[in-house]
Amino acid sequence: MDALAYCLKDKRVRQDRSQDEAETEGRRVRNRAEVLHYNLCYGKEKELARQFREVQKQDLNVCKPAFHLSLSFPPGENVSKGRLVDIAKECARDLKFDRHQYVVILHKDTAHPHIHIVANRIGFDGHVMEDRKILPRVIRFCRETEQRYQLTPVKNIYRYRSPQERLEISNNPRTVRLKEEIGAGGAATGQ
């Protein structure tokens with residue numbers, strides 16, 4: 001299963017990095033994944049994939065039998081591992097896959113804490129998790145979780161923002177860096 005492989009394996013250091021950057025990134029990407037919680041499954045990547053496939057045989061008509069969700073928190077947000085597991089379990093209940101196999105994986109390779117939840121969309125009872133129109137439910141869950149745990153509120157995905165929110169200038173570090181690079185490129189060429 002691709003989602004499990006992505007979430008559980010270490011990243012490779014990119015070849016276009018300088019030696020210092022590669023060493024720094026190499027330290028960041030080794031042992032980047034830690035399984036925090038198993039629900040109705042266990043083991044390492046191959047065991048998990050085998051278990052998921054066994055249950056998925058109940059409905060071979062499901063094109064995408066795995067559901068992958070990432071929950072990210074802003075840099076500096078201090079969320080304990082126990083709290084992350086609580087949030088993941090609440091997410092599973094809210095999105096109605098709490099009686100399915102799923103695994104919660106903490107990634108430690110970025111400045112912001114984030115977890116991945118990989119769930120089997122097919123339950124032991126043959127129930128198939130509905131994934132159409134799930135994004136608004138995920139966003140609602142995130143807003144409620146921010147309030148419940150007094151977490152730092154973050155902006156919605158662009159298409160779910162109000163017209164006024166869409167006009168606000170982004171302070172996303174990637175967007176800011178891109179603007180700076182574009183500005184520097186224009187200045188260098190005399191434009």
# chains A, B, ... in the order shown; residues from 1 in each chain; ligands from 1
call {"tool": "residues_around", "arguments": {"residues": "range 136-141 of chain A", "least_positions_apart": "4", "cutoff": "8 Å", "atoms": "only C-alpha atoms", "output": "PyMOL selection string"}}
result
chain A and resi 91+94-95+145+156
call {"tool": "select_by_dssp", "arguments": {"residues": "range 73-128 of chain A", "states": "strand (DSSP E)", "output": "JSON list (two decimals) with N, CA and C atoms, in the first residue's frame"}}
result
[["chain", "number", "residue", "atom", "x", "y", "z"],
["A", 102, "TYR", "N", -6.97, 1.18, 11.26],
["A", 102, "TYR", "CA", -6.22, 2.39, 10.94],
["A", 102, "TYR", "C", -4.99, 2.47, 11.81],
["A", 103, "VAL", "N", -4.04, 3.24, 11.35],
["A", 103, "VAL", "CA", -2.79, 3.44, 12.07],
["A", 103, "VAL", "C", -2.51, 4.94, 12.10],
["A", 104, "VAL", "N", -1.97, 5.41, 13.23],
["A", 104, "VAL", "CA", -1.64, 6.82, 13.41],
["A", 104, "VAL", "C", -0.12, 6.92, 13.48],
["A", 105, "ILE", "N", 0.45, 7.74, 12.60],
["A", 105, "ILE", "CA", 1.90, 7.83, 12.46],
["A", 105, "ILE", "C", 2.33, 9.27, 12.65],
["A", 106, "LEU", "N", 3.26, 9.49, 13.57],
["A", 106, "LEU", "CA", 3.83, 10.81, 13.80],
["A", 106, "LEU", "C", 5.03, 10.98, 12.88],
["A", 107, "HIS", "N", 5.09, 12.10, 12.16],
["A", 107, "HIS", "CA", 6.26, 12.44, 11.37],
["A", 107, "HIS", "C", 7.04, 13.53, 12.09],
["A", 114, "HIS", "N", 3.10, 16.93, 12.85],
["A", 114, "HIS", "CA", 1.97, 16.44, 12.07],
["A", 114, "HIS", "C", 1.87, 14.92, 12.16],
["A", 115, "ILE", "N", 0.64, 14.45, 12.05],
["A", 115, "ILE", "CA", 0.39, 13.02, 12.07],
["A", 115, "ILE", "C", -0.30, 12.61, 10.77],
["A", 116, "HIS", "N", -0.11, 11.36, 10.43],
["A", 116, "HIS", "CA", -0.79, 10.77, 9.29],
["A", 116, "HIS", "C", -1.70, 9.68, 9.84],
["A", 117, "ILE", "N", -2.89, 9.62, 9.30],
["A", 117, "ILE", "CA", -3.81, 8.53, 9.63],
["A", 117, "ILE", "C", -4.06, 7.79, 8.33],
["A", 118, "VAL", "N", -3.73, 6.50, 8.33],
["A", 118, "VAL", "CA", -4.00, 5.66, 7.17],
["A", 118, "VAL", "C", -5.04, 4.66, 7.62],
["A", 119, "ALA", "N", -6.20, 4.69, 6.97],
["A", 119, "ALA", "CA", -7.32, 3.84, 7.36],
["A", 119, "ALA", "C", -7.74, 2.94, 6.20],
["A", 120, "ASN", "N", -8.20, 1.77, 6.56],
["A", 120, "ASN", "CA", -8.80, 0.87, 5.58],
["A", 120, "ASN", "C", -10.24, 1.33, 5.40]]
call {"tool": "closest_residue", "arguments": {"among": "A:Gly126, A:Asp86, A:Ala66, A:Leu4", "to": "Glu47 in chain A", "atoms": "only C-alpha atoms"}}
result
A:Leu4
call {"tool": "closest_residue", "arguments": {"among": "A:Gln147, A:His37, A:Glu45, A:Lys108", "to": "Leu8 in chain A", "atoms": "only C-alpha atoms"}}
result
A:Glu45
call {"tool": "select_by_dssp", "arguments": {"residues": "range 110-181 of chain A", "states": "alpha helix (DSSP H)", "output": "NGL selection string"}}
result
:A and (135-148 or 163-167 or 173-181)
call {"tool": "atom_distance", "arguments": {"atom1": "CA of Gln150 in chain A", "atom2": "CA of Val79 in chain A"}}
result
10.7 Å
